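Quick look at upload_7.cif (mmCIF, C-alpha atoms):
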```cif
data_input
#
loop_
_atom_site.label_atom_id
_atom_site.label_comp_id
_atom_site.auth_asym_id
_atom_site.auth_seq_id
_atom_site.Cartn_x
_atom_site.Cartn_y
_atom_site.Cartn_z
CA VAL A 671 70.56 146.70 130.22
CA ASN A 672 73.20 144.02 130.90
CA GLY A 673 71.39 141.41 128.79
CA LEU A 674 70.26 139.13 131.63
CA VAL A 675 66.86 137.48 131.18
CA ARG A 676 64.47 138.36 133.99
CA HIS A 677 61.23 136.85 132.74
CA TYR A 678 59.86 134.13 130.45
CA ASN A 679 56.24 133.30 129.85
CA SER A 680 54.85 129.80 130.43
CA ARG A 681 56.04 128.63 127.02
CA VAL A 682 59.54 128.36 128.44
CA HIS A 683 58.53 124.94 129.80
CA SER A 684 58.42 123.58 126.24
CA PHE A 685 62.20 124.18 126.04
CA ALA A 686 64.78 121.85 127.54
CA GLY A 687 67.61 123.20 129.69
CA VAL A 688 66.35 126.66 130.62
CA ARG A 689 66.63 127.23 134.36
CA ARG A 690 66.44 130.08 136.85
CA GLY A 691 69.73 131.06 138.45
CA ASN A 692 70.37 131.92 142.09
CA ASP A 693 70.02 135.63 141.33
CA GLY A 694 66.56 135.12 139.84
CA THR A 695 67.61 135.62 136.24
CA TRP A 696 67.28 132.86 133.64
CA VAL A 697 70.13 130.79 132.22
CA TRP A 698 69.19 130.20 128.59
CA GLU A 699 72.45 129.03 126.98
CA PRO A 700 71.89 125.27 127.64
CA VAL A 701 68.75 125.32 125.49
CA MET A 702 70.79 126.09 122.35
CA HIS A 703 72.10 123.52 119.90
CA ALA A 704 75.86 123.33 120.45
CA ASP A 705 76.63 124.36 116.86
CA ASP A 706 74.50 127.51 117.18
CA LEU A 707 75.45 128.66 120.66
CA ALA A 708 78.53 130.75 119.84
CA MET A 709 76.91 132.77 117.06
CA THR A 710 73.77 133.25 119.18
CA VAL A 711 75.78 134.56 122.14
CA ASP A 712 77.81 136.84 119.84
CA ALA A 713 74.66 138.24 118.20
CA TRP A 714 73.03 138.85 121.58
CA ARG A 715 76.10 140.52 123.10
CA GLU A 716 76.48 142.76 120.07
CA ALA A 717 72.83 143.83 120.28
CA VAL A 718 73.18 144.58 123.99
CA ALA A 719 76.39 146.53 123.49
CA LYS A 720 74.99 148.60 120.63
CA ARG A 721 71.49 148.81 122.14
CA GLU A 722 70.06 147.67 118.84
CA PRO A 723 67.31 145.14 117.93
CA TYR A 724 68.43 141.53 118.10
CA GLN A 725 67.55 138.79 115.61
CA CYS A 726 68.95 135.30 115.21
CA GLU A 727 67.93 131.95 113.71
CA HIS A 728 69.05 128.93 115.71
CA ARG A 729 68.08 125.45 116.85
CA ILE A 730 66.57 125.00 120.28
CA HIS A 731 66.35 121.81 122.33
CA MET A 732 62.74 121.04 123.18
CA ALA A 733 61.37 119.32 126.27
CA ASP A 734 60.06 116.44 124.13
CA GLY A 735 63.60 115.61 123.01
CA SER A 736 63.39 117.23 119.57
CA CYS A 737 65.47 120.12 118.31
CA ARG A 738 63.62 122.78 116.35
CA TRP A 739 64.60 125.90 114.45
CA HIS A 740 63.44 129.19 115.97
CA LEU A 741 63.67 132.82 114.99
CA SER A 742 64.52 134.84 118.10
CA ARG A 743 64.03 138.59 118.19
CA GLY A 744 64.63 141.22 120.84
CA LEU A 745 63.57 144.85 120.85
CA PRO A 746 65.21 147.42 123.18
CA VAL A 747 62.70 149.62 125.00
CA THR A 748 63.50 152.37 127.49
CA ASN A 749 61.41 152.40 130.68
CA ALA A 750 59.71 155.79 130.71
CA SER A 751 59.81 156.15 134.51
CA SER A 752 63.21 154.72 135.40
CA GLY A 753 65.09 155.29 132.15
CA GLU A 754 66.28 151.66 132.27
CA LEU A 755 66.80 149.97 128.93
CA LEU A 756 64.97 146.63 128.68
CA TRP A 757 64.69 144.03 125.91
CA PHE A 758 61.40 142.42 125.04
CA GLY A 759 61.96 139.24 123.09
CA SER A 760 60.18 136.43 121.30
CA ALA A 761 61.09 133.02 119.90
CA THR A 762 59.04 131.93 116.88
CA ASP A 763 59.09 128.29 115.79
CA ILE A 764 60.16 128.27 112.11
CA HIS A 765 61.19 124.62 111.96
CA ASP A 766 58.60 123.57 109.37
CA LEU A 767 59.58 126.52 107.17
CA LYS A 768 63.30 125.69 107.44
CA THR A 769 62.79 122.01 106.65
CA SER A 770 60.57 122.90 103.68
CA GLN A 771 63.23 125.28 102.37
CA GLN A 772 65.88 122.59 102.73
CA ALA A 773 63.67 120.04 100.96
CA LEU A 774 63.18 122.53 98.12
CA ARG A 775 66.94 123.14 97.86
CA ASP A 776 67.54 119.38 97.80
CA SER A 777 64.97 118.84 95.05
CA GLU A 778 66.41 121.72 93.02
CA GLN A 779 69.91 120.27 93.36
CA TYR A 780 68.61 116.85 92.33
CA LEU A 781 66.94 118.34 89.25
CA GLU A 782 70.07 120.30 88.36
CA THR A 783 72.13 117.11 88.57
CA ILE A 784 69.72 115.29 86.24
CA ILE A 785 69.80 118.15 83.72
CA GLU A 786 73.56 118.52 83.90
CA THR A 787 74.28 114.83 83.29
CA ALA A 788 71.52 114.19 80.73
CA PRO A 789 72.79 112.91 77.37
CA SER A 790 70.45 115.27 75.49
CA PRO A 791 71.09 118.99 74.96
CA ILE A 792 69.02 120.97 77.47
CA VAL A 793 68.84 124.75 77.40
CA VAL A 794 66.76 127.19 79.45
CA THR A 795 66.15 130.71 78.20
CA SER A 796 64.77 133.76 79.96
CA ALA A 797 61.61 135.61 79.01
CA GLU A 798 63.86 137.76 76.81
CA GLY A 799 65.29 134.69 75.07
CA ARG A 800 68.69 134.81 76.77
CA ILE A 801 70.48 131.65 77.85
CA VAL A 802 70.34 130.96 81.58
CA LEU A 803 71.14 127.22 81.56
CA PHE A 804 73.34 125.30 79.13
CA ASN A 805 74.11 121.71 80.09
CA ARG A 806 77.15 119.60 79.25
CA ALA A 807 75.46 118.02 76.24
CA CYS A 808 74.91 121.51 74.80
CA GLU A 809 78.60 122.20 75.28
CA SER A 810 79.47 118.95 73.53
CA VAL A 811 77.16 119.61 70.57
CA THR A 812 78.14 123.26 70.02
CA GLY A 813 81.72 123.50 71.23
CA TYR A 814 80.77 126.51 73.38
CA GLN A 815 81.37 126.59 77.11
CA ARG A 816 78.47 127.78 79.26
CA ASP A 817 80.30 130.93 80.34
CA GLU A 818 80.63 131.87 76.65
CA VAL A 819 76.90 131.69 76.03
CA ALA A 820 75.51 132.84 79.39
CA ASP A 821 73.05 135.73 78.97
CA GLN A 822 73.46 135.63 75.18
CA SER A 823 70.43 135.56 72.89
CA MET A 824 69.89 131.92 72.00
CA VAL A 825 68.41 132.75 68.59
CA GLN A 826 71.08 135.28 67.64
CA LEU A 827 74.01 133.14 68.77
CA LEU A 828 72.99 129.59 67.84
CA VAL A 829 70.26 129.73 65.17
CA PRO A 830 71.12 130.38 61.50
CA PRO A 831 69.81 133.78 60.32
CA ALA A 832 67.57 132.10 57.74
CA CYS A 833 65.72 130.35 60.59
CA HIS A 834 65.37 133.32 62.97
CA ASP A 835 61.77 134.13 62.06
CA GLN A 836 60.74 130.48 62.15
CA VAL A 837 62.25 129.88 65.60
CA THR A 838 61.02 133.18 67.02
CA SER A 839 57.48 132.35 65.87
CA TYR A 840 57.79 128.89 67.40
CA LEU A 841 58.89 130.30 70.75
CA THR A 842 56.16 132.95 70.68
CA GLU A 843 53.51 130.26 70.20
CA LEU A 844 54.83 128.57 73.32
CA GLU A 845 53.59 131.49 75.41
CA GLU A 846 50.04 130.24 74.83
CA LEU A 847 50.85 126.56 75.28
CA ASP A 848 52.47 124.63 78.13
CA VAL A 849 54.20 122.14 75.80
CA GLN A 850 54.67 122.20 72.02
CA GLU A 851 54.99 119.47 69.46
CA PRO A 852 58.56 118.58 68.45
CA HIS A 853 60.15 121.07 66.10
CA GLU A 854 63.35 120.76 64.05
CA TYR A 855 65.80 123.57 63.49
CA PRO A 856 69.60 123.71 63.37
CA TRP A 857 72.11 125.12 65.78
CA ILE A 858 75.36 126.65 64.58
CA THR A 859 78.39 125.24 66.38
CA LYS A 860 81.37 127.31 67.43
CA ASP A 861 83.29 126.17 64.33
CA GLY A 862 80.37 127.04 62.00
CA GLU A 863 78.88 123.58 61.49
CA HIS A 864 75.09 123.30 61.30
CA ARG A 865 73.64 120.58 63.56
CA LEU A 866 69.99 119.71 62.93
CA ILE A 867 68.26 119.13 66.26
CA GLU A 868 64.70 118.11 67.12
CA TRP A 869 63.49 120.22 70.02
CA ARG A 870 60.70 119.78 72.54
CA CYS A 871 59.95 123.00 74.40
CA THR A 872 58.15 123.53 77.68
CA LYS A 873 57.01 126.76 79.29
CA LEU A 874 58.42 127.50 82.75
CA PRO A 875 57.41 130.07 85.37
CA HIS A 876 58.45 133.73 84.92
CA GLY A 877 58.44 133.46 81.14
CA ARG A 878 61.34 131.05 80.95
CA ARG A 879 61.44 128.21 78.41
CA LEU A 880 63.07 124.79 78.69
CA ALA A 881 64.11 123.02 75.50
CA ILE A 882 65.27 119.41 75.25
CA GLY A 883 66.94 118.39 72.01
CA VAL A 884 67.73 115.23 70.10
CA ASP A 885 70.82 115.72 67.95
#
```
The structure given in the file should be rewritten as C-alpha cells.
Amino acid sequence: VNGLVRHYNSRVHSFAGVRRGNDGTWVWEPVMHADDLAMTVDAWREAVAKREPYQCEHRIHMADGSCRWHLSRGLPVTNASSGELLWFGSATDIHDLKTSQQALRDSEQYLETIIETAPSPIVVTSAEGRIVLFNRACESVTGYQRDEVADQSMVQLLVPPACHDQVTSYLTELEELDVQEPHEYPWITKDGEHRLIEWRCTKLPHGRRLAIGVD
C-alpha cells in the first residue's frame, strides 16, 4: 500500500540499476532516464495516494547500455484475505513504436517544409472540397492569407462561377484516378483579378486532394 516494490520477475535483469534494498524491497529509481525520473515518481506517488491505476511512458536504462522507451502500468488489487492493497505492474517495451512515431513526425515536418517553401501554388482540400492547406505561393498568387481561406470551399471562394461545373466535374473524376492530366482553370484573387493556372491534381487518403499549380 505504501508503493514499495516487493517483487520483480526475472526480466528485471535486463534493466540496469535496479537493486534490492536492505529491507528486501527493490530500488527502481536508478533505472530511469534522468529526464523522466521526476514525472515518473510523481505519477507513481499520485497513483498510490489515490489508489488508482498507474500508467506512464518513460525511458529505461538497459543492461546492454541502451536506453529504451517503456510503457509502465500498475493495477491496484485488494488482497481478499488480508485486505491489503497491492499493485501488480508491468513494463512493456514500446521503443520501436516510439521511434517509428518520431520518424513519421520528422518526415511529415520535412514534407510540410517542402510544400510551404515551394515556388508553386499548392493547395489541399478535404473530401468536402474545403481548404485544409494553403501554402505561401497560394497566398502570393491570390492575396488571401491562409487563415482567411481555411475551411472555405475552394470552388466557391476561388473559382469563377462560370467554371464551377467544369472544376467540380474535374475533381469528381479524380475520385476514380490517382493522378489526372494537367487542367487549366482560373482562380479569382482577393482584388478580383482572374489568374489562369495549370493544375495537376493527386488523390490523397481520406478523400483529400492535393493540387499543384503553375501560374
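The list of residues within 12 Å of (72.6, 124.3, 128.2), counted using all atoms listed in the file, is Phe685, Ala686, Gly687, Val688, Arg689, Trp696, Val697, Trp698, Glu699, Pro700, Val701, Met702, His703, Ala704, Asp706, Leu707, Ile730, His731 and Met732 of chain A.
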Contacts of range 736-741 of chain A at 7 Å or less, counting all atoms listed in the file, minus same-chain residues fewer than 4 places along, as number ranges by chain?
-> A: 726-732, 761-765
Distance query Thr812 in chain A at most 10 Å, only C-alpha atoms, self and fewer than 6 positions along chain excluded, as a CSV table (one decimal) with C-alpha atoms, in the coordinates of the input:
```csv
chain,number,residue,atom,x,y,z
A,791,PRO,CA,71.1,119.0,75.0
A,806,ARG,CA,77.2,119.6,79.2
A,828,LEU,CA,73.0,129.6,67.8
A,857,TRP,CA,72.1,125.1,65.8
A,858,ILE,CA,75.4,126.6,64.6
A,859,THR,CA,78.4,125.2,66.4
A,860,LYS,CA,81.4,127.3,67.4
A,861,ASP,CA,83.3,126.2,64.3
A,862,GLY,CA,80.4,127.0,62.0
A,863,GLU,CA,78.9,123.6,61.5
A,864,HIS,CA,75.1,123.3,61.3
A,865,ARG,CA,73.6,120.6,63.6
```
Target residues per the PyMOL selection byres ((chain A and resi 824) around 12), formatted as a ChimeraX atom specification | /A:793-804,808,816,818-823,825-831,834,837-838,841,856-858,879-881
Name every residue that the PyMOL selection byres ((chain A and resi 855) around 6) selects in this structure, writing the answer as a PDB file with C-alpha atoms, in the frame of the given file with chains first and numbers rising.
```
ATOM      1  CA  GLU A 854      63.350 120.760  64.050  1.00  0.00           C
ATOM      2  CA  PRO A 856      69.600 123.710  63.370  1.00  0.00           C
ATOM      3  CA  LEU A 866      69.990 119.710  62.930  1.00  0.00           C
ATOM      4  CA  ILE A 867      68.260 119.130  66.260  1.00  0.00           C
TER       5      ILE A 867
END
```
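With CA of Leu674 in chain A on one side and CA of Arg721 in chain A on the other, the separation reads 13.6 Å.
Counting only C-alpha atoms and comparing A:Asn805, A:Gly744, A:Lys873, A:Pro852, the residue that lies closest to Thr783 in chain A is A:Asn805.
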Please determine the residues with any atom at most 6 Å from (72.9, 118.0, 69.2) (coordinates as given in the file, with all atoms listed in the file counting) and report them as a list of chain:residue names.
-> A:Val811, A:Ile867, A:Val884, A:Asp885
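Closest approach to Val682 in chain A from the set A:Ala733, A:Thr787, A:Met709, A:Glu722 is made by A:Ala733, with distances taken over only C-alpha atoms.
Note that the spacing between CA of Glu846 in chain A and CA of Pro789 in chain A amounts to 28.7 Å.
If you look at CA of Phe758 in chain A and CA of Asp705 in chain A, they are 25.0 Å away from each other.
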Produce the centre coordinates and the three edge lengths, each in Å to one decimal, of the box along x, y and z that contains all listed atoms of range 775-779 of chain A with 4 Å added on each side, as AutoDock Vina command-line options.
```
--center_x 67.4 --center_y 121.0 --center_z 95.4 --size_x 12.9 --size_y 12.3 --size_z 12.8
```
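Excluding Trp757 in chain A and any residue on its chain fewer than 4 positions from it, the residues at most 10 Å away by only C-alpha atoms are Val671, Asn672, Gly673, Leu674, Val675, Arg676, Ala717, Val718, Arg721, Glu722, Pro723, Tyr724, Arg743, Gly744, Leu745, Pro746, Val747 and Thr748 of chain A.
Using all atoms listed in the file, the shortest contact distance between Ser760 in chain A and any of A:Tyr814, A:Ala719, A:His677, A:Asn692 is found at A:His677.
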Nearest residue to Ala713 in chain A from the set A:Asp734, A:Gln771, A:Ser742, A:Ser839 (distances using all atoms listed in the file) = A:Ser742
For range 725-750 of chain A, write N, CA, C and O atoms out as a PDB file, in the first residue's frame.
```
ATOM      1  N   GLN A 725      -0.105   4.604 -14.929  1.00  0.00           N
ATOM      2  CA  GLN A 725       0.398   4.426 -16.288  1.00  0.00           C
ATOM      3  C   GLN A 725       1.361   5.553 -16.614  1.00  0.00           C
ATOM      4  O   GLN A 725       1.089   6.714 -16.315  1.00  0.00           O
ATOM      5  N   CYS A 726       2.487   5.197 -17.227  1.00  0.00           N
ATOM      6  CA  CYS A 726       3.500   6.208 -17.521  1.00  0.00           C
ATOM      7  C   CYS A 726       4.408   5.712 -18.643  1.00  0.00           C
ATOM      8  O   CYS A 726       4.780   4.534 -18.668  1.00  0.00           O
ATOM      9  N   GLU A 727       4.744   6.590 -19.571  1.00  0.00           N
ATOM     10  CA  GLU A 727       5.730   6.287 -20.606  1.00  0.00           C
ATOM     11  C   GLU A 727       7.044   6.946 -20.218  1.00  0.00           C
ATOM     12  O   GLU A 727       7.074   8.143 -19.901  1.00  0.00           O
ATOM     13  N   HIS A 728       8.128   6.185 -20.259  1.00  0.00           N
ATOM     14  CA  HIS A 728       9.425   6.721 -19.867  1.00  0.00           C
ATOM     15  C   HIS A 728      10.542   5.876 -20.457  1.00  0.00           C
ATOM     16  O   HIS A 728      10.318   4.753 -20.924  1.00  0.00           O
ATOM     17  N   ARG A 729      11.747   6.432 -20.405  1.00  0.00           N
ATOM     18  CA  ARG A 729      12.922   5.713 -20.903  1.00  0.00           C
ATOM     19  C   ARG A 729      13.610   4.986 -19.749  1.00  0.00           C
ATOM     20  O   ARG A 729      13.759   5.542 -18.656  1.00  0.00           O
ATOM     21  N   ILE A 730      14.023   3.764 -20.042  1.00  0.00           N
ATOM     22  CA  ILE A 730      14.650   2.915 -19.033  1.00  0.00           C
ATOM     23  C   ILE A 730      16.036   2.504 -19.510  1.00  0.00           C
ATOM     24  O   ILE A 730      16.220   2.109 -20.666  1.00  0.00           O
ATOM     25  N   HIS A 731      17.011   2.601 -18.603  1.00  0.00           N
ATOM     26  CA  HIS A 731      18.371   2.158 -18.906  1.00  0.00           C
ATOM     27  C   HIS A 731      18.411   0.634 -18.906  1.00  0.00           C
ATOM     28  O   HIS A 731      17.964  -0.019 -17.964  1.00  0.00           O
ATOM     29  N   MET A 732      18.970   0.079 -19.971  1.00  0.00           N
ATOM     30  CA  MET A 732      19.031  -1.368 -20.120  1.00  0.00           C
ATOM     31  C   MET A 732      20.432  -1.880 -19.765  1.00  0.00           C
ATOM     32  O   MET A 732      21.421  -1.134 -19.816  1.00  0.00           O
ATOM     33  N   ALA A 733      20.493  -3.158 -19.428  1.00  0.00           N
ATOM     34  CA  ALA A 733      21.764  -3.759 -19.021  1.00  0.00           C
ATOM     35  C   ALA A 733      22.796  -3.757 -20.147  1.00  0.00           C
ATOM     36  O   ALA A 733      24.002  -3.779 -19.897  1.00  0.00           O
ATOM     37  N   ASP A 734      22.332  -3.724 -21.408  1.00  0.00           N
ATOM     38  CA  ASP A 734      23.267  -3.719 -22.545  1.00  0.00           C
ATOM     39  C   ASP A 734      23.788  -2.330 -22.870  1.00  0.00           C
ATOM     40  O   ASP A 734      24.493  -2.130 -23.860  1.00  0.00           O
ATOM     41  N   GLY A 735      23.425  -1.339 -22.061  1.00  0.00           N
ATOM     42  CA  GLY A 735      23.911   0.023 -22.264  1.00  0.00           C
ATOM     43  C   GLY A 735      22.963   0.921 -23.041  1.00  0.00           C
ATOM     44  O   GLY A 735      23.191   2.127 -23.145  1.00  0.00           O
ATOM     45  N   SER A 736      21.913   0.358 -23.607  1.00  0.00           N
ATOM     46  CA  SER A 736      20.948   1.163 -24.357  1.00  0.00           C
ATOM     47  C   SER A 736      19.927   1.790 -23.406  1.00  0.00           C
ATOM     48  O   SER A 736      19.902   1.500 -22.209  1.00  0.00           O
ATOM     49  N   CYS A 737      19.126   2.650 -23.956  1.00  0.00           N
ATOM     50  CA  CYS A 737      18.044   3.280 -23.193  1.00  0.00           C
ATOM     51  C   CYS A 737      16.793   3.193 -24.051  1.00  0.00           C
ATOM     52  O   CYS A 737      16.764   3.713 -25.167  1.00  0.00           O
ATOM     53  N   ARG A 738      15.780   2.497 -23.556  1.00  0.00           N
ATOM     54  CA  ARG A 738      14.612   2.201 -24.381  1.00  0.00           C
ATOM     55  C   ARG A 738      13.323   2.696 -23.724  1.00  0.00           C
ATOM     56  O   ARG A 738      13.173   2.659 -22.496  1.00  0.00           O
ATOM     57  N   TRP A 739      12.405   3.147 -24.578  1.00  0.00           N
ATOM     58  CA  TRP A 739      11.099   3.594 -24.102  1.00  0.00           C
ATOM     59  C   TRP A 739      10.267   2.399 -23.636  1.00  0.00           C
ATOM     60  O   TRP A 739      10.231   1.351 -24.293  1.00  0.00           O
ATOM     61  N   HIS A 740       9.594   2.572 -22.501  1.00  0.00           N
ATOM     62  CA  HIS A 740       8.691   1.555 -21.965  1.00  0.00           C
ATOM     63  C   HIS A 740       7.381   2.210 -21.545  1.00  0.00           C
ATOM     64  O   HIS A 740       7.352   3.394 -21.159  1.00  0.00           O
ATOM     65  N   LEU A 741       6.328   1.428 -21.618  1.00  0.00           N
ATOM     66  CA  LEU A 741       5.040   1.821 -21.055  1.00  0.00           C
ATOM     67  C   LEU A 741       4.840   1.010 -19.785  1.00  0.00           C
ATOM     68  O   LEU A 741       4.716  -0.213 -19.829  1.00  0.00           O
ATOM     69  N   SER A 742       4.856   1.709 -18.644  1.00  0.00           N
ATOM     70  CA  SER A 742       4.683   1.033 -17.353  1.00  0.00           C
ATOM     71  C   SER A 742       3.253   1.223 -16.861  1.00  0.00           C
ATOM     72  O   SER A 742       2.708   2.326 -16.941  1.00  0.00           O
ATOM     73  N   ARG A 743       2.677   0.142 -16.374  1.00  0.00           N
ATOM     74  CA  ARG A 743       1.314   0.182 -15.852  1.00  0.00           C
ATOM     75  C   ARG A 743       1.276  -0.521 -14.505  1.00  0.00           C
ATOM     76  O   ARG A 743       2.028  -1.475 -14.268  1.00  0.00           O
ATOM     77  N   GLY A 744       0.390  -0.053 -13.642  1.00  0.00           N
ATOM     78  CA  GLY A 744       0.177  -0.692 -12.353  1.00  0.00           C
ATOM     79  C   GLY A 744      -1.296  -0.725 -12.021  1.00  0.00           C
ATOM     80  O   GLY A 744      -1.997   0.281 -12.208  1.00  0.00           O
ATOM     81  N   LEU A 745      -1.770  -1.863 -11.549  1.00  0.00           N
ATOM     82  CA  LEU A 745      -3.178  -2.013 -11.225  1.00  0.00           C
ATOM     83  C   LEU A 745      -3.339  -2.346  -9.753  1.00  0.00           C
ATOM     84  O   LEU A 745      -2.766  -3.324  -9.266  1.00  0.00           O
ATOM     85  N   PRO A 746      -4.070  -1.529  -8.983  1.00  0.00           N
ATOM     86  CA  PRO A 746      -4.284  -1.816  -7.559  1.00  0.00           C
ATOM     87  C   PRO A 746      -5.268  -2.965  -7.353  1.00  0.00           C
ATOM     88  O   PRO A 746      -6.340  -2.972  -7.956  1.00  0.00           O
ATOM     89  N   VAL A 747      -4.883  -3.915  -6.525  1.00  0.00           N
ATOM     90  CA  VAL A 747      -5.737  -5.074  -6.233  1.00  0.00           C
ATOM     91  C   VAL A 747      -5.743  -5.297  -4.723  1.00  0.00           C
ATOM     92  O   VAL A 747      -4.686  -5.304  -4.087  1.00  0.00           O
ATOM     93  N   THR A 748      -6.911  -5.475  -4.162  1.00  0.00           N
ATOM     94  CA  THR A 748      -7.030  -5.712  -2.724  1.00  0.00           C
ATOM     95  C   THR A 748      -6.940  -7.213  -2.431  1.00  0.00           C
ATOM     96  O   THR A 748      -7.653  -8.021  -3.037  1.00  0.00           O
ATOM     97  N   ASN A 749      -6.034  -7.576  -1.519  1.00  0.00           N
ATOM     98  CA  ASN A 749      -5.897  -8.964  -1.093  1.00  0.00           C
ATOM     99  C   ASN A 749      -7.166  -9.388  -0.357  1.00  0.00           C
ATOM    100  O   ASN A 749      -7.556  -8.784   0.646  1.00  0.00           O
ATOM    101  N   ALA A 750      -7.811 -10.438  -0.868  1.00  0.00           N
ATOM    102  CA  ALA A 750      -9.103 -10.849  -0.325  1.00  0.00           C
ATOM    103  C   ALA A 750      -9.013 -11.305   1.126  1.00  0.00           C
ATOM    104  O   ALA A 750      -9.947 -11.108   1.911  1.00  0.00           O
TER     105      ALA A 750
END
```
